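Q: I am sharing upload_9.txt, which consists of compact mmCIF, C-alpha atoms:
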```txt
# COMPACT_ATOMS: atom_id res chain seq x y z
CA MET A 57 13.92 2.27 -11.32
CA ASN A 58 10.47 1.81 -12.77
CA PRO A 59 9.66 0.28 -16.05
CA ALA A 60 6.10 1.06 -15.50
CA SER A 61 6.99 3.70 -17.94
CA ALA A 62 7.25 0.68 -20.07
CA SER A 63 3.51 0.83 -20.43
CA THR A 64 1.62 2.71 -23.03
CA PRO A 65 0.10 5.66 -21.18
CA VAL A 66 -3.60 5.34 -20.40
CA PRO A 67 -5.46 8.51 -21.33
CA PRO A 68 -7.61 10.10 -18.64
CA GLY A 69 -11.03 8.52 -18.45
CA SER A 70 -10.13 5.58 -20.65
CA SER A 71 -10.80 1.98 -19.78
CA GLY A 72 -7.20 0.99 -20.27
CA PRO A 73 -5.49 -0.82 -23.10
CA THR A 74 -7.44 -3.33 -25.11
CA ALA A 75 -6.32 -6.65 -26.41
CA SER A 76 -6.33 -5.36 -29.94
CA SER A 77 -4.45 -2.15 -29.24
CA SER A 78 -1.37 -3.61 -27.54
CA PRO A 79 1.40 -5.36 -29.43
CA LEU A 80 1.90 -7.48 -26.33
CA SER A 81 -1.71 -8.72 -26.24
CA PRO A 82 -2.31 -12.47 -26.54
CA VAL A 83 -3.97 -13.68 -29.71
CA THR A 84 -7.09 -15.09 -28.03
CA ASP A 85 -9.13 -14.15 -24.98
CA ALA A 86 -8.28 -17.47 -23.33
CA GLU A 87 -4.55 -16.92 -23.82
CA ARG A 88 -4.86 -13.37 -22.59
CA ASP A 89 -6.68 -14.55 -19.46
CA ARG A 90 -4.05 -17.21 -18.77
CA THR A 91 -1.26 -14.67 -19.16
CA LEU A 92 -3.06 -12.26 -16.83
CA ILE A 93 -3.70 -14.93 -14.18
CA LYS A 94 -0.07 -16.12 -14.19
CA ALA A 95 1.22 -12.57 -14.05
CA VAL A 96 -1.14 -11.55 -11.27
CA LEU A 97 -0.20 -14.59 -9.19
CA ALA A 98 3.52 -13.87 -9.56
CA LEU A 99 3.04 -10.18 -8.83
CA GLY A 100 0.84 -11.10 -5.89
CA VAL A 101 3.56 -13.26 -4.30
CA GLY A 102 5.91 -10.29 -4.46
CA GLY A 103 3.18 -8.14 -2.93
CA PHE A 104 2.63 -10.80 -0.27
CA ALA A 105 6.31 -10.60 0.70
CA ILE A 106 6.28 -6.80 0.81
CA GLY A 107 3.01 -6.65 2.74
CA THR A 108 4.25 -9.14 5.32
CA GLY A 109 7.50 -7.23 5.71
CA GLU A 110 5.73 -3.91 6.11
CA PHE A 111 3.07 -4.92 8.63
CA VAL A 112 4.68 -7.66 10.74
CA ILE A 113 6.80 -5.23 12.72
CA MET A 114 3.64 -3.59 14.05
CA GLY A 115 2.76 -6.80 15.89
CA LEU A 116 6.28 -7.22 17.30
CA LEU A 117 7.04 -3.72 18.62
CA PRO A 118 7.27 -4.78 22.29
CA GLU A 119 9.77 -7.54 21.40
CA VAL A 120 11.83 -5.19 19.23
CA ALA A 121 11.79 -2.50 21.93
CA ARG A 122 13.06 -4.92 24.59
CA ASP A 123 15.77 -6.36 22.36
CA ILE A 124 17.28 -3.06 21.24
CA GLY A 125 16.66 -1.25 24.54
CA VAL A 126 14.15 1.48 23.64
CA SER A 127 10.53 2.37 24.49
CA ILE A 128 7.64 1.07 22.40
CA PRO A 129 6.93 4.52 20.85
CA GLN A 130 10.63 4.78 19.97
CA ALA A 131 10.52 1.31 18.41
CA GLY A 132 7.65 2.68 16.31
CA HIS A 133 10.26 4.83 14.54
CA VAL A 134 11.28 1.65 12.72
CA ILE A 135 7.85 1.69 11.06
CA SER A 136 8.28 5.32 10.09
CA ALA A 137 11.78 4.65 8.73
CA TYR A 138 10.47 1.97 6.37
CA ALA A 139 7.62 4.22 5.28
CA LEU A 140 10.04 7.08 4.64
CA GLY A 141 12.07 4.75 2.43
CA VAL A 142 8.96 4.08 0.37
CA VAL A 143 8.13 7.78 0.13
CA ILE A 144 11.60 8.63 -1.18
CA GLY A 145 12.28 5.49 -3.17
CA ALA A 146 9.09 5.47 -5.24
CA PRO A 147 9.64 8.71 -7.20
CA VAL A 148 13.43 8.42 -7.37
CA LEU A 149 13.52 4.85 -8.68
CA ALA A 150 10.54 5.42 -10.97
CA VAL A 151 12.29 8.32 -12.70
CA LEU A 152 15.74 6.69 -12.86
CA ALA A 153 14.35 3.49 -14.42
CA ALA A 154 12.01 5.10 -16.93
CA GLY A 155 13.48 3.04 -19.77
CA TRP A 156 13.79 -0.33 -18.03
CA HIS A 157 11.93 -3.43 -19.20
CA ARG A 158 9.25 -4.24 -16.67
CA ARG A 159 10.18 -7.82 -15.86
CA ALA A 160 13.84 -6.95 -15.25
CA LEU A 161 12.88 -4.05 -13.03
CA LEU A 162 10.36 -6.04 -10.99
CA ILE A 163 12.96 -8.75 -10.36
CA ALA A 164 15.61 -6.21 -9.38
CA LEU A 165 13.22 -4.48 -6.97
CA ILE A 166 12.07 -7.63 -5.21
CA ALA A 167 15.67 -8.90 -4.99
CA PHE A 168 16.71 -5.66 -3.29
CA PHE A 169 13.79 -6.07 -0.89
CA ALA A 170 14.84 -9.65 -0.07
CA VAL A 171 18.39 -8.60 0.75
CA GLY A 172 17.10 -5.74 2.91
CA ASN A 173 15.05 -8.11 5.03
CA PHE A 174 17.87 -10.58 5.53
CA ALA A 175 20.09 -7.67 6.58
CA SER A 176 17.39 -6.33 8.95
CA ALA A 177 17.42 -9.68 10.74
CA LEU A 178 21.11 -9.07 11.54
CA ALA A 179 20.77 -5.44 12.72
CA PRO A 180 22.65 -4.99 16.04
CA GLY A 181 20.83 -1.94 17.38
CA TYR A 182 18.34 0.93 17.07
CA LEU A 183 20.23 3.07 14.53
CA SER A 184 21.26 0.22 12.24
CA LEU A 185 17.74 -1.26 12.27
CA ASN A 186 16.21 2.09 11.31
CA LEU A 187 18.72 2.57 8.48
CA LEU A 188 18.13 -0.94 7.15
CA ARG A 189 14.35 -0.60 7.30
CA PHE A 190 14.64 2.69 5.42
CA ALA A 191 16.73 1.00 2.71
CA THR A 192 14.35 -1.98 2.53
CA GLY A 193 11.43 0.35 1.92
CA LEU A 194 13.03 2.01 -1.13
CA PRO A 195 11.77 -0.50 -3.77
CA HIS A 196 8.28 -0.90 -2.26
CA GLY A 197 6.38 1.84 -4.07
CA THR A 198 8.03 1.31 -7.43
CA TYR A 199 7.33 -2.43 -7.30
CA PHE A 200 3.61 -1.93 -6.70
CA GLY A 201 3.43 0.88 -9.23
CA VAL A 202 4.98 -1.24 -11.97
CA ALA A 203 2.90 -4.26 -10.91
CA ALA A 204 -0.31 -2.23 -11.18
CA LEU A 205 0.57 -0.98 -14.64
CA VAL A 206 1.48 -4.47 -15.84
CA ALA A 207 -1.87 -5.79 -14.59
CA ALA A 208 -3.80 -2.88 -16.13
CA THR A 209 -2.03 -3.39 -19.47
CA LEU A 210 -2.86 -7.10 -19.54
CA ALA A 211 -6.46 -6.70 -18.30
CA PRO A 212 -9.50 -6.68 -20.62
CA PRO A 213 -11.37 -3.37 -21.11
CA GLY A 214 -13.37 -2.06 -18.16
CA ARG A 215 -11.58 -4.20 -15.59
CA ARG A 216 -8.53 -2.14 -14.73
CA ALA A 217 -9.45 -1.63 -11.08
CA ARG A 218 -10.20 -5.31 -10.57
CA ALA A 219 -6.87 -6.28 -12.14
CA VAL A 220 -5.06 -3.83 -9.87
CA GLY A 221 -7.11 -5.12 -6.95
CA MET A 222 -5.97 -8.68 -7.70
CA VAL A 223 -2.35 -7.56 -7.53
CA MET A 224 -3.05 -5.72 -4.28
CA LEU A 225 -4.64 -8.91 -2.96
CA GLY A 226 -1.10 -10.13 -2.35
CA LEU A 227 -0.52 -7.14 -0.07
CA THR A 228 -3.83 -7.44 1.75
CA GLY A 229 -3.60 -11.23 1.88
CA ALA A 230 -0.27 -10.82 3.64
CA THR A 231 -2.05 -9.26 6.60
CA LEU A 232 -4.39 -12.26 6.77
CA VAL A 233 -1.84 -15.05 6.38
CA GLY A 234 1.73 -13.74 6.20
CA VAL A 235 1.67 -11.33 9.13
CA PRO A 236 0.13 -13.77 11.65
CA ILE A 237 2.61 -16.48 10.62
CA ALA A 238 5.55 -14.08 10.79
CA ALA A 239 4.29 -12.71 14.13
CA TRP A 240 4.05 -16.26 15.47
CA LEU A 241 7.60 -16.98 14.29
CA GLY A 242 8.74 -13.72 15.87
CA GLN A 243 7.22 -14.63 19.23
CA LEU A 244 8.60 -18.16 19.07
CA PHE A 245 12.12 -17.53 17.74
CA GLY A 246 12.53 -13.77 18.17
CA TRP A 247 11.53 -10.87 15.93
CA ARG A 248 14.55 -11.39 13.65
CA ALA A 249 13.09 -14.70 12.44
CA ALA A 250 10.12 -12.77 11.02
CA PHE A 251 12.41 -10.84 8.66
CA VAL A 252 14.14 -14.03 7.53
CA PHE A 253 10.70 -15.44 6.69
CA VAL A 254 9.90 -12.34 4.62
CA GLY A 255 13.21 -12.58 2.77
CA LEU A 256 12.50 -16.17 1.78
CA ILE A 257 9.09 -15.27 0.34
CA ALA A 258 10.70 -12.47 -1.68
CA ALA A 259 13.26 -14.95 -3.05
CA LEU A 260 10.40 -17.18 -4.23
CA ALA A 261 8.81 -14.17 -5.96
CA ILE A 262 11.98 -13.64 -8.00
CA VAL A 263 11.58 -17.09 -9.57
CA LEU A 264 7.87 -16.65 -10.27
CA LEU A 265 8.28 -13.19 -11.81
CA HIS A 266 10.96 -14.46 -14.16
CA ARG A 267 8.63 -17.19 -15.41
CA ALA A 268 5.28 -15.38 -15.55
CA ILE A 269 5.83 -11.75 -16.61
CA PRO A 270 6.06 -11.03 -20.35
CA ASP A 271 9.13 -9.15 -21.56
CA MET A 272 7.48 -5.74 -21.78
CA PRO A 273 9.75 -2.92 -23.03
CA ALA A 274 9.51 0.74 -22.16
CA ALA A 275 7.08 2.83 -24.16
CA ALA A 276 8.45 4.87 -27.05
CA GLY A 277 9.74 8.19 -25.80
CA ALA A 278 9.91 7.08 -22.16
CA SER A 279 12.32 9.29 -20.24
CA PRO A 280 12.92 10.70 -16.78
CA MET A 281 11.80 14.18 -17.89
CA ARG A 282 8.49 12.88 -19.22
CA GLU A 283 7.82 11.08 -15.96
CA LEU A 284 8.62 14.21 -13.97
CA GLY A 285 5.78 15.89 -15.86
CA ALA A 286 3.40 14.28 -13.36
CA PHE A 287 4.43 16.90 -10.81
CA LYS A 288 2.96 19.65 -13.01
CA ARG A 289 -0.56 18.29 -12.69
CA LYS A 290 -2.72 19.65 -9.86
CA GLN A 291 -5.00 16.63 -9.73
CA VAL A 292 -2.00 14.33 -9.25
CA TRP A 293 -0.99 16.30 -6.15
CA LEU A 294 -4.54 16.34 -4.77
CA THR A 295 -4.98 12.60 -5.27
CA LEU A 296 -1.68 11.95 -3.53
CA GLY A 297 -2.81 14.22 -0.70
CA ILE A 298 -5.96 12.15 -0.21
CA ALA A 299 -3.85 9.01 0.16
CA ALA A 300 -1.09 10.54 2.31
CA ILE A 301 -3.44 12.14 4.83
CA GLY A 302 -6.82 10.44 4.54
CA PHE A 303 -5.38 6.93 4.79
CA GLY A 304 -3.11 7.73 7.75
CA GLY A 305 -5.83 6.88 10.24
CA MET A 306 -5.57 3.16 9.62
CA PHE A 307 -1.86 3.23 10.40
CA SER A 308 -2.35 5.40 13.47
CA VAL A 309 -4.46 2.63 14.98
CA PHE A 310 -2.73 -0.47 13.61
CA SER A 311 0.81 0.66 14.48
CA TYR A 312 -0.03 0.31 18.17
CA ILE A 313 -2.63 -2.42 17.97
CA LYS A 314 -0.72 -5.00 20.06
CA PRO A 315 -0.21 -2.87 23.21
CA THR A 316 -3.79 -1.59 22.86
CA LEU A 317 -5.10 -5.16 22.80
CA THR A 318 -3.02 -6.27 25.77
CA GLU A 319 -3.22 -3.10 27.90
CA VAL A 320 -6.77 -1.87 27.17
CA THR A 321 -8.78 -4.80 25.85
CA GLY A 322 -7.09 -7.25 28.22
CA LEU A 323 -6.29 -9.81 25.55
CA ALA A 324 -3.56 -12.36 26.24
CA VAL A 325 -0.48 -12.11 24.01
CA GLY A 326 -1.32 -15.45 22.44
CA GLY A 327 -4.60 -14.06 21.13
CA VAL A 328 -3.02 -11.13 19.29
CA PRO A 329 -2.35 -13.07 16.04
CA VAL A 330 -6.08 -13.89 15.88
CA VAL A 331 -6.98 -10.21 15.92
CA LEU A 332 -4.25 -9.49 13.38
CA ALA A 333 -5.87 -12.11 11.16
CA LEU A 334 -9.22 -10.31 11.52
CA PHE A 335 -7.55 -7.11 10.36
CA GLY A 336 -6.08 -8.99 7.40
CA LEU A 337 -9.45 -10.52 6.54
CA GLY A 338 -10.92 -7.03 6.56
CA MET A 339 -8.23 -5.84 4.15
CA VAL A 340 -8.90 -8.72 1.76
CA VAL A 341 -12.66 -8.10 1.80
CA GLY A 342 -12.17 -4.35 1.44
CA ASN A 343 -9.77 -4.77 -1.46
CA LEU A 344 -12.18 -7.03 -3.37
CA ILE A 345 -15.21 -4.82 -2.78
CA GLY A 346 -13.35 -1.55 -3.31
CA SER A 347 -11.93 -2.57 -6.69
CA ARG A 348 -15.39 -3.53 -7.97
CA LEU A 349 -16.93 -0.30 -6.71
CA ALA A 350 -14.14 1.71 -8.33
CA ASP A 351 -14.86 0.16 -11.74
CA LYS A 352 -18.50 1.29 -11.37
CA SER A 353 -18.12 4.79 -9.89
CA LEU A 354 -14.60 5.97 -9.14
CA MET A 355 -15.09 9.32 -7.39
CA ARG A 356 -18.12 8.23 -5.37
CA THR A 357 -16.14 5.27 -4.13
CA ILE A 358 -13.26 7.47 -2.95
CA GLY A 359 -15.49 9.98 -1.15
CA GLY A 360 -17.74 7.36 0.41
CA LEU A 361 -14.82 5.32 1.74
CA LEU A 362 -13.26 8.36 3.40
CA LEU A 363 -16.50 9.06 5.29
CA TYR A 364 -16.73 5.39 6.20
CA ALA A 365 -13.19 5.57 7.62
CA VAL A 366 -14.20 8.50 9.86
CA VAL A 367 -16.96 6.37 11.41
CA VAL A 368 -15.00 3.16 12.04
CA LEU A 369 -11.92 4.97 13.37
CA THR A 370 -14.00 7.03 15.78
CA ALA A 371 -15.64 3.83 17.02
CA PHE A 372 -12.21 2.37 17.85
CA SER A 373 -11.77 4.60 20.90
CA PHE A 374 -14.96 3.15 22.39
CA SER A 375 -14.76 -0.48 21.24
CA ALA A 376 -11.19 -1.01 22.44
CA HIS A 377 -12.41 -1.77 25.98
CA TYR A 378 -14.47 -4.80 24.95
CA LEU A 379 -13.10 -7.89 23.21
CA VAL A 380 -15.90 -8.76 20.75
CA PRO A 381 -16.65 -5.17 19.64
CA MET A 382 -12.89 -4.61 19.36
CA GLY A 383 -12.50 -7.63 17.06
CA ILE A 384 -15.36 -6.43 14.85
CA ASN A 385 -13.97 -2.89 14.76
CA VAL A 386 -10.47 -4.08 13.84
CA PHE A 387 -11.99 -6.04 10.94
CA LEU A 388 -13.87 -2.91 9.77
CA ILE A 389 -10.77 -0.75 10.01
CA GLY A 390 -9.02 -3.28 7.79
CA THR A 391 -11.72 -2.85 5.13
CA THR A 392 -10.79 0.83 4.71
CA VAL A 393 -7.96 -0.37 2.44
CA ALA A 394 -10.73 -0.56 -0.19
CA ILE A 395 -9.73 2.96 -1.21
CA GLY A 396 -6.36 1.72 -2.55
CA PRO A 397 -7.39 0.43 -6.01
CA ALA A 398 -9.64 3.46 -6.52
CA LEU A 399 -6.84 5.94 -5.87
CA GLN A 400 -4.47 3.92 -8.05
CA ILE A 401 -6.85 4.18 -11.01
CA ARG A 402 -7.54 7.86 -10.28
CA LEU A 403 -3.82 8.59 -10.51
CA MET A 404 -3.54 6.69 -13.77
CA ASP A 405 -6.42 8.76 -15.16
CA VAL A 406 -4.99 12.16 -14.22
CA ALA A 407 -1.28 11.50 -14.87
CA GLY A 408 -1.35 11.73 -18.67
CA ASP A 409 1.85 10.26 -20.12
CA ALA A 410 3.63 10.11 -16.74
CA GLN A 411 2.06 6.76 -15.84
CA THR A 412 5.07 5.15 -14.19
CA LEU A 413 5.83 7.89 -11.72
CA ALA A 414 2.17 8.42 -10.88
CA ALA A 415 1.59 4.72 -10.22
CA ALA A 416 4.65 4.52 -7.97
CA LEU A 417 3.76 7.73 -6.15
CA ASN A 418 0.46 6.20 -5.03
CA HIS A 419 2.38 3.82 -2.78
CA SER A 420 4.73 6.57 -1.75
CA ALA A 421 1.67 8.49 -0.56
CA PHE A 422 0.24 5.47 1.26
CA ASN A 423 3.50 5.02 3.11
CA MET A 424 3.63 8.70 3.92
CA ALA A 425 0.28 7.94 5.53
CA ASN A 426 2.01 5.07 7.34
CA ALA A 427 4.73 7.36 8.66
CA LEU A 428 2.30 10.17 9.52
CA GLY A 429 -0.20 7.89 11.23
CA ALA A 430 2.43 6.06 13.30
CA TRP A 431 4.11 9.34 14.27
CA LEU A 432 0.92 11.17 15.29
CA GLY A 433 -0.42 8.12 17.09
CA GLY A 434 2.85 7.81 19.02
CA MET A 435 2.72 11.52 19.91
CA ALA A 436 -0.80 11.13 21.30
CA ILE A 437 0.26 8.13 23.40
CA SER A 438 3.44 9.84 24.64
CA ALA A 439 1.35 12.90 25.60
CA GLY A 440 -0.57 10.70 28.04
CA LEU A 441 -3.81 10.48 26.04
CA GLY A 442 -3.82 6.69 26.23
CA TRP A 443 -3.65 3.87 23.70
CA THR A 444 -7.21 4.49 22.47
CA SER A 445 -6.35 8.05 21.42
CA THR A 446 -5.03 6.63 18.16
CA GLY A 447 -8.65 6.20 17.03
CA TRP A 448 -9.35 9.93 17.39
CA VAL A 449 -6.12 10.75 15.59
CA GLY A 450 -7.15 8.43 12.76
CA ALA A 451 -10.64 9.92 12.48
CA LEU A 452 -9.23 13.45 12.21
CA LEU A 453 -6.86 12.34 9.45
CA ALA A 454 -9.78 10.79 7.53
CA VAL A 455 -11.74 14.05 7.86
CA ALA A 456 -8.75 15.97 6.49
CA GLY A 457 -8.51 13.48 3.61
CA PHE A 458 -12.17 14.04 2.74
CA GLY A 459 -11.52 17.77 2.69
CA ILE A 460 -8.78 17.25 0.10
CA PHE A 461 -11.10 14.97 -1.88
CA TRP A 462 -13.76 17.70 -1.97
CA TRP A 463 -11.15 20.20 -3.15
CA SER A 464 -10.12 17.82 -5.93
CA LEU A 465 -13.71 17.23 -6.99
CA SER A 466 -14.51 20.95 -7.00
CA ALA A 467 -11.39 21.75 -9.03
CA GLN A 468 -12.30 19.07 -11.57
CA ARG A 469 -15.82 20.45 -11.95
CA ARG A 470 -14.48 23.98 -12.44
CA SER A 471 -12.12 22.73 -15.13
CA LEU A 472 -14.96 20.97 -16.93
CA ARG A 473 -17.12 24.11 -16.80
CA VAL A 474 -14.28 26.21 -18.20
CA ALA A 475 -13.67 23.70 -20.98
CA ALA A 476 -17.39 23.61 -21.81
CA GLY A 477 -17.53 27.39 -21.92
CA ARG A 478 -14.60 27.56 -24.32
CA ALA A 479 -16.21 24.93 -26.52
```
Mind converting the file's structure to structure tokens?
A:
Amino acid sequence: MNPASASTPVPPGSSGPTASSSPLSPVTDAERDRTLIKAVLALGVGGFAIGTGEFVIMGLLPEVARDIGVSIPQAGHVISAYALGVVIGAPVLAVLAAGWHRRALLIALIAFFAVGNFASALAPGYLSLNLLRFATGLPHGTYFGVAALVAATLAPPGRRARAVGMVMLGLTGATLVGVPIAAWLGQLFGWRAAFVFVGLIAALAIVLLHRAIPDMPAAAGASPMRELGAFKRKQVWLTLGIAAIGFGGMFSVFSYIKPTLTEVTGLAVGGVPVVLALFGLGMVVGNLIGSRLADKSLMRTIGGLLLYAVVVLTAFSFSAHYLVPMGINVFLIGTTVAIGPALQIRLMDVAGDAQTLAAALNHSAFNMANALGAWLGGMAISAGLGWTSTGWVGALLAVAGFGIFWWSLSAQRRSLRVAAGRA
């Protein structure tokens, strides 16, 4: 289900659609800006709901584990189940909904997400909760993919990454505001109340999307087969690999942040939401800075942020023993999300006319990173390496991501040399 195919494909290296080139463009710059702002706000509320739903469980793992009678690492499988739903749902729904109008698809996706969260709040046990979290994750990637393409289509020239970053601000803002509130509700009324809270935000997003998003039809010739063409492009696979592996380090650490804070740092349970808010603040700052850097120099931004992630994730294993350094380090780890808008634009540039699938796959890859990071971090903890071992796991994943980035960059340079030689 993804009407992102509803957008006119953005050719590689272009600055995105202009106001004059799109039949949907407002007549004046002021009207165009108002339309963009309203759309971004509505899309951001949906992103806020999804971000809160995705991350809140990480701060409530001990409560979930006690309630359903499993260990904390086993409760972490709920995180992986949601992420797996995103990984599978993004390409499948994007291809199946190649001809959908964007507004209708966005509303359908966020409605499905709302129902999934209400159902998760009623899950009786371990198996049912995992199945419901898997189902709830299905619309995640397609929603953000379509949202990014809507924002890029409505944005003025040269500001695609910033428009995408504004949409992603809903996701990152969720970690600053939504997750601490939901975590507080979960500690006060039980973890199930957190999912009810998420479902209510998603219901609000349905109303806002209906009012703010223009009725944008699918592009001429949009079809499932055209979208599947993205899988034939090497650079699409390499970019997805950077996200799926290089970004896994953040999830390796954050998936087990609460027990690390209470068992290693010695923080009282009541102080955990404060640290979660620091992580969220880092994500907001990283998202804003990363989107601006990506508009200036896309590939340098991607490579530089991967190296930055290696440093801050390595530091986690040392800072976790001290409260103030730990708080600073958690904030810095949150800023590594800055790579998100850059990779989104990179995919749009290398996907050709398979824009919808490529945009959705970016979030599929990020949630593969979620599943991989949570799984490897849990393995390290279960092997007796301690809670701080997640930092080393994360650093190794960032190193592997940089290796894939270098491969992508080298392949691109070779292609350019070959093209120049033929010319």
Q: Pick the closest to Gly193 in chain A from A:His419, A:Arg158, A:Arg356, A:Arg348: which is it, counting all atoms listed in the file?
A: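 Residue with the minimum atom-to-atom distance to Gly193 in chain A: A:His419.
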Q: Calculated over all atoms listed in the file, which of the candidates A:Ser311, A:Thr412, A:Thr444, A:Thr295 has the smallest distance to Ile395 in chain A?
A: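 So, comparing all the options, the nearest one is A:Thr295.
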Q: Using all atoms listed in the file, determine which residues lie at most 10 Å from Arg289 in chain A, disregarding the query and same-chain residues fewer than 6 positions distant; provide the list as a list in words.
A: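 After dropping sequence-adjacent residues, the list is Val406, Ala407 and Gly408 of chain A.
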Q: Let's have the selection written as an mmCIF file, in the coordinates of the input, with C-alpha atoms.
A:
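Written out: again-v2.cif:
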```
data_model
loop_
_atom_site.group_PDB
_atom_site.id
_atom_site.type_symbol
_atom_site.label_atom_id
_atom_site.label_comp_id
_atom_site.auth_asym_id
_atom_site.auth_seq_id
_atom_site.Cartn_x
_atom_site.Cartn_y
_atom_site.Cartn_z
ATOM 1 C CA VAL A 406 -4.990 12.160 -14.220
ATOM 2 C CA ALA A 407 -1.280 11.500 -14.870
ATOM 3 C CA GLY A 408 -1.350 11.730 -18.670
#
```
Q: Can you tell me how far CA of Ala177 in chain A sits from CA of Leu99 in chain A, in Å to one decimal?
A: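 Taking CA of Ala177 in chain A and CA of Leu99 in chain A, their separation equals 24.3 Å.
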Q: Would you compute the distance between CA of Val341 in chain A and CA of Gly115 in chain A? Give it in Å to one decimal.
A: 20.9 Å
Q: I'd like to know which of A:Leu323, A:Leu97, A:Leu241, A:Ala286 is closest to Leu413 in chain A, using all atoms listed in the file.
A: A:Ala286
